[in-house]
Each structure stands twice: as structure tokens, then as C-alpha cells.
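Participant: Input structure: target-v3.pdb, which contains PDB, C-alpha atoms.
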ATOM      1  CA  MET A   5       5.613 230.506 192.067
ATOM      2  CA  PHE A   6       4.502 231.778 195.522
ATOM      3  CA  ARG A   7       1.325 233.140 193.955
ATOM      4  CA  LYS A   8       0.516 229.693 192.570
ATOM      5  CA  LEU A   9       1.186 228.087 195.952
ATOM      6  CA  PHE A  10      -1.086 230.514 197.789
ATOM      7  CA  ARG A  11      -3.820 230.029 195.161
ATOM      8  CA  SER A  12      -3.638 226.273 195.402
ATOM      9  CA  LYS A  13      -3.556 226.067 199.177
ATOM     10  CA  GLY A  14      -5.425 229.271 200.060
ATOM     11  CA  PRO A  15      -8.360 227.595 201.877
ATOM     12  CA  LEU A  16      -6.006 225.494 204.016
ATOM     13  CA  VAL A  17      -3.931 228.519 205.052
ATOM     14  CA  LEU A  18      -7.060 230.493 205.946
ATOM     15  CA  VAL A  19      -8.484 227.710 208.136
ATOM     16  CA  SER A  20      -5.137 227.258 209.853
ATOM     17  CA  ALA A  21      -4.944 230.969 210.640
ATOM     18  CA  VAL A  22      -8.437 230.959 212.164
ATOM     19  CA  VAL A  23      -7.650 227.931 214.360
ATOM     20  CA  ILE A  24      -4.386 229.455 215.582
ATOM     21  CA  GLY A  25      -6.185 232.723 216.300
ATOM     22  CA  LEU A  26      -8.867 230.990 218.364
ATOM     23  CA  LEU A  27      -6.317 229.034 220.350
ATOM     24  CA  ALA A  28      -4.303 232.137 221.060
ATOM     25  CA  SER A  29      -7.445 234.029 222.100
ATOM     26  CA  SER A  30      -8.519 231.237 224.467
ATOM     27  CA  PHE A  31      -5.099 231.101 226.064
ATOM     28  CA  ALA A  32      -4.991 234.865 226.488
ATOM     29  CA  MET A  33      -8.462 234.914 228.093
ATOM     30  CA  ALA A  34      -7.496 232.113 230.496
ATOM     31  CA  SER A  35      -4.438 234.009 231.652
ATOM     32  CA  GLY A  36      -6.560 237.005 232.617
ATOM     33  CA  GLU A  37      -3.720 239.520 232.855
ATOM     34  CA  GLY A  38      -4.481 242.662 230.880
ATOM     35  CA  LYS A  39      -7.823 241.373 229.590
ATOM     36  CA  ASN A  40     -11.359 242.697 229.920
ATOM     37  CA  LEU A  41     -13.714 241.426 232.633
ATOM     38  CA  LEU A  42     -16.314 238.860 231.636
ATOM     39  CA  LEU A  43     -19.682 239.910 233.083
ATOM     40  CA  GLY A  44     -21.535 237.152 234.899
ATOM     41  CA  LYS A  45     -18.414 234.993 234.945
ATOM     42  CA  ARG A  46     -15.557 234.166 237.277
ATOM     43  CA  ASN A  47     -12.572 236.314 236.397
ATOM     44  CA  PRO A  48      -9.998 235.295 235.341
ATOM     45  CA  GLY A  49     -11.374 231.745 235.772
ATOM     46  CA  SER A  50     -11.343 228.781 238.116
ATOM     47  CA  ASN A  51      -7.816 227.789 237.096
ATOM     48  CA  ALA A  52      -5.594 228.754 240.044
ATOM     49  CA  SER A  53      -2.600 229.204 237.735
ATOM     50  CA  ALA A  54      -4.488 231.956 235.933
ATOM     51  CA  ALA A  55      -5.040 234.055 239.090
ATOM     52  CA  LEU A  56      -3.910 237.660 238.780
ATOM     53  CA  SER A  57      -0.408 238.289 240.058
ATOM     54  CA  SER A  58      -0.695 242.072 240.448
ATOM     55  CA  GLU A  59      -3.243 244.603 241.674
ATOM     56  CA  THR A  60      -6.137 245.595 239.464
ATOM     57  CA  GLN A  61      -6.382 249.332 240.003
ATOM     58  CA  ILE A  62      -9.407 251.463 239.195
ATOM     59  CA  ILE A  63      -8.532 255.155 239.384
ATOM     60  CA  ALA A  64     -11.161 257.877 239.085
ATOM     61  CA  ASN A  65     -11.324 261.659 239.406
ATOM     62  CA  ASN A  66     -14.949 262.665 239.796
ATOM     63  CA  GLY A  67     -17.342 264.189 242.320
ATOM     64  CA  THR A  68     -19.061 260.969 243.432
ATOM     65  CA  TYR A  69     -17.423 257.542 243.720
ATOM     66  CA  GLY A  70     -14.698 255.748 241.829
ATOM     67  CA  THR A  71     -16.774 252.578 241.579
ATOM     68  CA  ARG A  72     -20.248 251.531 242.638
ATOM     69  CA  GLN A  73     -21.545 248.013 243.284
ATOM     70  CA  SER A  74     -25.228 247.369 243.841
ATOM     71  CA  ASN A  75     -27.658 244.469 243.780
ATOM     72  CA  LYS A  76     -31.359 245.203 243.242
ATOM     73  CA  SER A  77     -32.427 241.789 244.526
ATOM     74  CA  ASP A  78     -34.411 241.927 247.799
ATOM     75  CA  ASN A  79     -31.999 239.286 249.088
ATOM     76  CA  GLY A  80     -29.229 241.902 249.291
ATOM     77  CA  GLY A  81     -25.661 241.019 248.349
ATOM     78  CA  GLY A  82     -24.080 244.250 247.104
ATOM     79  CA  ALA A  83     -20.512 242.990 247.396
ATOM     80  CA  ILE A  84     -18.421 240.342 249.119
ATOM     81  CA  TYR A  85     -14.683 240.342 249.728
ATOM     82  CA  GLY A  86     -12.714 237.304 250.830
ATOM     83  CA  CYS A  87      -9.065 236.786 251.669
ATOM     84  CA  ARG A  88      -6.718 234.685 253.792
ATOM     85  CA  SER A  89      -5.013 237.332 255.900
ATOM     86  CA  LYS A  90      -2.962 236.183 258.883
ATOM     87  CA  LEU A  91      -2.925 237.692 262.385
ATOM     88  CA  GLY A  92      -1.682 241.200 263.038
ATOM     89  CA  GLY A  93      -3.180 243.257 260.236
ATOM     90  CA  SER A  94      -1.332 245.949 258.296
ATOM     91  CA  GLU A  95       1.093 246.688 261.130
ATOM     92  CA  LYS A  96       2.355 243.100 260.815
ATOM     93  CA  GLY A  97       2.428 243.207 257.022
ATOM     94  CA  ASN A  98      -0.825 241.250 256.710
ATOM     95  CA  GLU A  99      -3.345 243.252 254.730
ATOM     96  CA  PRO A 100      -6.972 242.952 255.940
ATOM     97  CA  CYS A 101      -9.676 241.720 253.586
ATOM     98  CA  VAL A 102     -11.089 245.255 253.331
ATOM     99  CA  ARG A 103      -9.277 248.542 253.922
ATOM    100  CA  ALA A 104     -10.621 252.065 253.494
ATOM    101  CA  SER A 105      -7.847 254.657 253.609
ATOM    102  CA  ASN A 106      -8.636 258.374 253.495
ATOM    103  CA  LEU A 107      -5.583 260.417 252.551
ATOM    104  CA  ALA A 108      -7.301 263.644 253.649
ATOM    105  CA  ASP A 109      -8.888 264.457 257.030
ATOM    106  CA  GLY A 110     -12.424 263.178 256.453
ATOM    107  CA  ARG A 111     -14.105 259.887 257.166
ATOM    108  CA  ALA A 112     -12.596 256.640 255.979
ATOM    109  CA  PHE A 113     -15.918 254.785 256.067
ATOM    110  CA  GLU A 114     -19.649 255.110 256.671
ATOM    111  CA  PHE A 115     -22.265 252.407 257.257
ATOM    112  CA  SER A 116     -25.878 253.351 256.686
ATOM    113  CA  ALA A 117     -29.087 251.314 256.973
ATOM    114  CA  ASN A 118     -32.525 252.503 255.890
ATOM    115  CA  GLY A 119     -34.472 251.435 258.992
ATOM    116  CA  GLY A 120     -34.579 248.083 260.737
ATOM    117  CA  THR A 121     -33.412 247.293 264.266
ATOM    118  CA  GLU A 122     -29.763 246.540 263.438
ATOM    119  CA  VAL A 123     -27.290 248.421 261.255
ATOM    120  CA  GLY A 124     -24.660 245.685 261.159
ATOM    121  CA  ARG A 125     -23.074 242.741 262.901
ATOM    122  CA  ILE A 126     -19.520 241.678 263.736
ATOM    123  CA  THR A 127     -19.022 237.947 264.257
ATOM    124  CA  SER A 128     -15.974 235.831 265.013
ATOM    125  CA  GLY A 129     -15.195 232.153 265.190
ATOM    126  CA  ASN A 130     -13.564 233.022 268.517
ATOM    127  CA  THR A 131     -16.318 234.463 270.704
ATOM    128  CA  LYS A 132     -13.710 235.830 273.131
ATOM    129  CA  ALA A 133     -12.033 237.950 270.452
ATOM    130  CA  ALA A 134     -12.279 241.754 270.637
ATOM    131  CA  PRO A 135     -14.873 242.919 268.059
ATOM    132  CA  PHE A 136     -12.534 245.773 267.123
ATOM    133  CA  THR A 137      -9.646 247.829 268.509
ATOM    134  CA  THR A 138      -8.783 251.509 268.208
ATOM    135  CA  ASN A 139      -6.048 253.936 269.192
ATOM    136  CA  ALA A 140      -8.508 256.832 269.162
ATOM    137  CA  THR A 141      -9.396 258.246 272.587
ATOM    138  CA  GLY A 142     -12.236 260.608 271.670
ATOM    139  CA  VAL A 143     -15.845 260.032 272.669
ATOM    140  CA  ALA A 144     -17.789 257.929 270.162
ATOM    141  CA  THR A 145     -21.213 259.553 269.929
ATOM    142  CA  GLY A 146     -23.887 256.895 270.330
ATOM    143  CA  LEU A 147     -21.233 254.366 271.357
ATOM    144  CA  ASN A 148     -20.292 256.090 274.597
ATOM    145  CA  ALA A 149     -18.699 254.202 277.484
ATOM    146  CA  ASP A 150     -20.850 256.401 279.746
ATOM    147  CA  GLN A 151     -23.780 254.210 278.727
ATOM    148  CA  VAL A 152     -23.867 250.629 280.021
ATOM    149  CA  ASP A 153     -27.150 248.731 279.747
ATOM    150  CA  GLY A 154     -28.888 252.072 279.249
ATOM    151  CA  LYS A 155     -27.426 253.616 282.415
ATOM    152  CA  GLY A 156     -25.113 256.621 282.586
ATOM    153  CA  ALA A 157     -22.065 257.006 284.799
ATOM    154  CA  ASP A 158     -24.076 258.899 287.449
ATOM    155  CA  ASP A 159     -26.708 256.149 287.494
ATOM    156  CA  ILE A 160     -24.037 253.472 287.833
ATOM    157  CA  ALA A 161     -22.276 255.381 290.641
ATOM    158  CA  LYS A 162     -25.556 255.857 292.511
ATOM    159  CA  ALA A 163     -26.469 252.198 292.096
ATOM    160  CA  ALA A 164     -23.034 251.170 293.376
ATOM    161  CA  HIS A 165     -23.433 253.478 296.394
ATOM    162  CA  ASP A 166     -26.913 252.160 297.125
ATOM    163  CA  ASP A 167     -25.641 248.598 296.837
ATOM    164  CA  ALA A 168     -22.781 249.352 299.228
ATOM    165  CA  VAL A 169     -25.186 250.892 301.745
ATOM    166  CA  ALA A 170     -27.511 247.915 301.429
ATOM    167  CA  VAL A 171     -24.641 245.487 301.943
ATOM    168  CA  ALA A 172     -23.421 247.432 304.984
ATOM    169  CA  ALA A 173     -26.935 247.564 306.406
ATOM    170  CA  ALA A 174     -27.376 243.850 305.783
ATOM    171  CA  ALA A 175     -24.074 243.181 307.527
ATOM    172  CA  VAL A 176     -25.173 245.203 310.558
ATOM    173  CA  GLN A 177     -28.593 243.636 310.580
ATOM    174  CA  GLY A 178     -27.082 240.217 310.111
ATOM    175  CA  SER A 179     -25.017 240.654 313.263
ATOM    176  CA  THR A 180     -28.060 241.805 315.308
ATOM    177  CA  SER A 181     -30.594 239.234 316.476
ATOM    178  CA  PHE A 182     -33.937 240.071 318.052
ATOM    179  CA  ALA A 183     -37.243 238.589 319.121
ATOM    180  CA  ALA A 184     -40.676 239.952 319.947
ATOM    181  CA  VAL A 185     -42.278 237.794 322.662
ATOM    182  CA  GLY A 186     -45.889 237.987 323.778
ATOM    183  CA  ALA A 187     -47.020 237.968 327.421
ATOM    184  CA  ASP A 188     -47.996 234.327 326.994
ATOM    185  CA  GLY A 189     -44.525 233.430 325.653
ATOM    186  CA  THR A 190     -45.489 233.336 321.959
ATOM    187  CA  LEU A 191     -42.593 234.121 319.628
ATOM    188  CA  GLY A 192     -43.450 236.851 317.100
ATOM    189  CA  GLY A 193     -41.103 238.734 314.785
ATOM    190  CA  LYS A 194     -37.544 237.482 315.012
ATOM    191  CA  ARG A 195     -34.058 237.288 313.554
ATOM    192  CA  GLY A 196     -31.712 234.639 314.896
ATOM    193  CA  ALA A 197     -34.166 233.517 317.587
ATOM    194  CA  THR A 198     -35.498 229.969 317.292
ATOM    195  CA  SER A 199     -38.052 229.652 320.122
ATOM    196  CA  SER A 200     -39.560 231.267 323.205
ATOM    197  CA  ALA A 201     -41.623 229.953 326.137
ATOM    198  CA  ARG A 202     -43.243 231.231 329.363
ATOM    199  CA  THR A 203     -41.902 229.121 332.244
ATOM    200  CA  SER A 204     -43.807 230.789 335.119
ATOM    201  CA  ASP A 205     -45.357 234.145 336.046
ATOM    202  CA  GLY A 206     -43.157 236.811 334.443
ATOM    203  CA  ASN A 207     -40.427 234.324 333.520
ATOM    204  CA  TYR A 208     -39.490 233.343 329.971
ATOM    205  CA  ASN A 209     -36.809 231.500 328.032
ATOM    206  CA  VAL A 210     -35.751 232.740 324.561
ATOM    207  CA  ALA A 211     -33.399 230.527 322.539
ATOM    208  CA  PHE A 212     -31.104 231.738 319.732
ATOM    209  CA  ALA A 213     -29.541 229.757 316.903
ATOM    210  CA  SER A 214     -25.887 230.439 317.744
ATOM    211  CA  ASP A 215     -23.528 231.312 320.589
ATOM    212  CA  ILE A 216     -24.282 234.861 321.809
ATOM    213  CA  SER A 217     -21.942 234.910 324.772
ATOM    214  CA  ALA A 218     -19.864 237.698 323.171
ATOM    215  CA  CYS A 219     -22.916 239.853 322.456
ATOM    216  CA  ALA A 220     -24.826 242.574 324.310
ATOM    217  CA  ILE A 221     -28.338 241.594 325.433
ATOM    218  CA  GLN A 222     -31.073 244.156 326.014
ATOM    219  CA  VAL A 223     -34.697 243.513 327.063
ATOM    220  CA  THR A 224     -37.530 246.080 327.072
ATOM    221  CA  GLU A 225     -41.181 245.535 327.920
ATOM    222  CA  SER A 226     -43.287 246.322 324.861
ATOM    223  CA  THR A 227     -46.294 247.892 326.572
ATOM    224  CA  ILE A 228     -47.270 251.335 327.932
ATOM    225  CA  SER A 229     -49.720 249.903 330.423
ATOM    226  CA  ASN A 230     -48.061 249.685 333.874
ATOM    227  CA  ALA A 231     -44.757 248.802 332.233
ATOM    228  CA  GLY A 232     -41.932 247.853 334.515
ATOM    229  CA  ALA A 233     -38.352 246.773 334.418
ATOM    230  CA  ALA A 234     -37.225 243.665 332.546
ATOM    231  CA  SER A 235     -34.015 241.771 333.101
ATOM    232  CA  ALA A 236     -32.118 239.058 331.214
ATOM    233  CA  GLN A 237     -29.511 236.437 331.944
ATOM    234  CA  LEU A 238     -27.647 234.183 329.492
ATOM    235  CA  GLY A 239     -27.827 230.479 330.231
ATOM    236  CA  ALA A 240     -24.947 228.019 330.444
ATOM    237  CA  ASP A 241     -25.536 226.816 326.863
ATOM    238  CA  LYS A 242     -24.649 230.373 325.667
ATOM    239  CA  LYS A 243     -27.728 230.367 323.439
ATOM    240  CA  THR A 244     -30.727 230.603 325.819
ATOM    241  CA  VAL A 245     -31.675 233.837 327.583
ATOM    242  CA  SER A 246     -33.839 233.815 330.739
ATOM    243  CA  VAL A 247     -36.053 236.909 330.866
ATOM    244  CA  ARG A 248     -38.036 238.274 333.833
ATOM    245  CA  THR A 249     -40.688 240.992 333.510
ATOM    246  CA  ARG A 250     -42.275 243.067 336.277
ATOM    247  CA  ALA A 251     -45.196 245.369 336.837
ATOM    248  CA  GLY A 252     -44.399 249.046 336.857
ATOM    249  CA  GLY A 253     -44.300 250.520 340.394
ATOM    250  CA  GLY A 254     -46.087 247.567 341.980
ATOM    251  CA  ALA A 255     -44.485 245.665 344.869
ATOM    252  CA  ASP A 256     -45.081 242.608 346.973
ATOM    253  CA  GLY A 257     -44.894 242.623 350.749
ATOM    254  CA  THR A 258     -41.096 242.789 350.670
ATOM    255  CA  GLY A 259     -41.027 245.947 348.572
ATOM    256  CA  THR A 260     -39.797 244.077 345.456
ATOM    257  CA  PRO A 261     -41.691 244.958 342.243
ATOM    258  CA  ASP A 262     -44.225 242.294 341.339
ATOM    259  CA  VAL A 263     -43.021 239.714 338.788
ATOM    260  CA  THR A 264     -45.790 239.473 336.236
ATOM    261  CA  ASP A 265     -46.416 238.589 332.633
ATOM    262  CA  ARG A 266     -45.532 241.324 330.156
ATOM    263  CA  PRO A 267     -44.786 241.322 326.384
ATOM    264  CA  PHE A 268     -41.211 242.302 325.614
ATOM    265  CA  HIS A 269     -38.567 242.794 322.980
ATOM    266  CA  ILE A 270     -35.112 241.278 323.284
ATOM    267  CA  THR A 271     -32.173 242.482 321.184
ATOM    268  CA  VAL A 272     -28.804 240.755 320.888
ATOM    269  CA  SER A 273     -26.056 242.923 319.333
ATOM    270  CA  CYS A 274     -22.799 241.223 318.372
TER     271      CYS A 274
END
In C-alpha cells, write the structure found in this file.
Facilitator:
Amino acid sequence: MFRKLFRSKGPLVLVSAVVIGLLASSFAMASGEGKNLLLGKRNPGSNASAALSSETQIIANNGTYGTRQSNKSDNGGGAIYGCRSKLGGSEKGNEPCVRASNLADGRAFEFSANGGTEVGRITSGNTKAAPFTTNATGVATGLNADQVDGKGADDIAKAAHDDAVAVAAAAVQGSTSFAAVGADGTLGGKRGATSSARTSDGNYNVAFASDISACAIQVTESTISNAGAASAQLGADKKTVSVRTRAGGGADGTGTPDVTDRPFHITVSC
């Protein structure tokens, strides 16, 4: 009886078995778990419910690498890894997108570029973020803190010293005013002085930009030809200095050295 039934409905049973087999195969492929990879396809598929729920482990025991990924296109693209890890990394229970863990005492990673001007780049949506952190305290060859903008620690220390000396010198110079005045009252080189004028034979006025009443004033004739004494007196405005120059050794009928025109330097030290 069963033999007759199978013979009479054999084609129908066969077709039904094929359809059921195809449906089962499609469902199994969509689930992804325990199935082979589909080359050139998204694995296990775009259906989020079919995403793998456990690690896919590839274990090897050979003298080169466990796996190798390469792209011969001149556009690059050997591999890309994406994830949605939260802050804190492994120490906070948030695995990073990529982790290389060496269980021995060798290197955990190497990056190598065959030429070019840049080996790699680290970017962040937060430009104030640290590019990386480390608990290692050894010297990183080629990434040495002794080098800043191409300068070593000795260069930086020397530059800092030179800058400090320059600042100190500028401070001293900034507190010292001077003027070089010609015999005709013309104002030459100066710092802090604003004007000079000859008022009469051997008498001059030199004006400064600020109050110099708390400063020391010194005047010296700037000639070696019959040079004499020069004197100075600060005016009531505390900015103008009256200067008198004299001939060296010469005297009028009273025995007082002759007052005469002479070039001079005046220095005001505060």
C-alpha cells in the first residue's frame, strides 16, 4: 500500500523535499552562526537580527601570521575595523575597536610604510583629545621628548638663557634714557629724549618723555678737542634738563672756565 502511494505521488514528494531544503538552507545562511563566509558579500547579512552573537576565532600555529589581509588596488584599503566602544577602554570594560595583545615579551604592533613623508595619522573629532596615552616611562627612539621643533634640551636651555639675558638687558636699557646732542643743539641718537635745543653760548635744553626726577643725570662732553666740564640741572617740569658746556682749561677775566658750545652726551639712569 505504501509502495503504491509513493509511486503515485513520487514527483510531488520530491518537489516538496527540494523546496523545504532550499528554505532551510536560506534560513541557515541568513542566521550566519556556524556557516561559511561568503566572499564578496556582507557576512552574515544586512539583517541586524542575524548578527553574530559570539566571537569568530581564527587560531593558527605557524611561523608567519595567523591571518593576512591585503588589497592590491593602488587606492589602498587593506582592512577596516569599526565598533561603538564607549569611553575608558579595556580598563573600564569597553573593548577598543582594535587590540593587539602579545602574550610574550616582544612587540604588540608594528607600523611600516614604504617611503612617503608620513607613516600614519591619528585624528579625533575632539581636537583637544590626547592622541594617545602610555604608562611606559622609557625613551621612545625617534619620538623623544628631548626634541621639540627640531631642538634638543641643551638648545632649548640655551635659548631660554639667551632670552632671559635679552629680557634683563632690555629691562635695564628700558630704564636708561640718553641723548647725543651736537654743539649746535641738534638731537642725535636717543632713547627717552624727545627734543634738544641750544639756548645760548654753551647752554642747552634737553627734554625727556617722562618724569626723571628720581633718576641720576650725567653729562659728558663728546669731544677730545679742548674738552671741558659739563654740568646739568633738572627743570621744574621734572622732564627738561638744562646743560652747560665749557672749554677745557680756558677762563674769562674772572678765572671761570669759558662757557662755549660743545657736543655732549647726557645719560639718565632710573
Participant: Using the file's own x, y and z axes, what box holds all listed atoms of segment 230-239 of chain A with 3 Å on each side, keeping edges along x, y and z, and what are its centre and edge lengths in Å to one decimal, as AutoDock Vina command-line options?
Facilitator:
--center_x -37.9 --center_y 240.1 --center_z 332.0 --size_x 26.4 --size_y 25.2 --size_z 11.0
Participant: Can you list, as a PyMOL selection string, every protein, DNA or RNA residue that comes within 10 Å of Ala183 of chain A when you count all atoms listed in the file, leaving out same-chain residues fewer than 5 positions away?
Facilitator: chain A and resi 191-200+210-212+223+268-272
Participant: Convert the output of the PyMOL selection byres ((chain A and resi 81-85) around 12) on the shown file into explicit residues, formatted as a short mmCIF file (atom, residue, chain, number, x, y, z; two decimals) with C-alpha atoms, in the coordinates of the input.
Facilitator:
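Writing the result to part26.cif gives the following:
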data_model
loop_
_atom_site.label_atom_id
_atom_site.label_comp_id
_atom_site.auth_asym_id
_atom_site.auth_seq_id
_atom_site.Cartn_x
_atom_site.Cartn_y
_atom_site.Cartn_z
CA THR A 71 -16.77 252.58 241.58
CA ARG A 72 -20.25 251.53 242.64
CA GLN A 73 -21.54 248.01 243.28
CA SER A 74 -25.23 247.37 243.84
CA ASN A 75 -27.66 244.47 243.78
CA LYS A 76 -31.36 245.20 243.24
CA SER A 77 -32.43 241.79 244.53
CA ASP A 78 -34.41 241.93 247.80
CA ASN A 79 -32.00 239.29 249.09
CA GLY A 80 -29.23 241.90 249.29
CA GLY A 86 -12.71 237.30 250.83
CA CYS A 87 -9.06 236.79 251.67
CA ARG A 88 -6.72 234.68 253.79
CA SER A 89 -5.01 237.33 255.90
CA PRO A 100 -6.97 242.95 255.94
CA CYS A 101 -9.68 241.72 253.59
CA VAL A 102 -11.09 245.26 253.33
CA ARG A 103 -9.28 248.54 253.92
#
Participant: Record the distance separating atom CA of Thr203 of chain A and atom CA of Ser179 of chain A, expressed in Å with one decimal.
Facilitator: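 Those two atoms sit 27.9 Å apart.
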Participant: Output the residue selection produced by the PyMOL selection byres ((chain A and resi 235) around 6) on the file above, formatted as an MDAnalysis selection string.
Facilitator: chainID A and resid 234 236 247:248
Participant: Would you list the contacts of segment 58-62 of chain A as a CSV table (one decimal) with C-alpha atoms, in the frame of the given file, taking every protein, DNA or RNA residue within 10 Å and counting only C-alpha atoms, but skipping same-chain residues closer than 5 positions in sequence?
Facilitator:
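Written output follows (out-v5.csv):
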chain,number,residue,atom,x,y,z
A,37,GLU,CA,-3.7,239.5,232.9
A,38,GLY,CA,-4.5,242.7,230.9
A,70,GLY,CA,-14.7,255.7,241.8
A,71,THR,CA,-16.8,252.6,241.6
Participant: Could you please determine the separation between atom CA of Leu238 of chain A and atom CA of Thr190 of chain A in Å, to one decimal place?
Facilitator: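 That distance, rounded to one decimal, is 19.4 Å.
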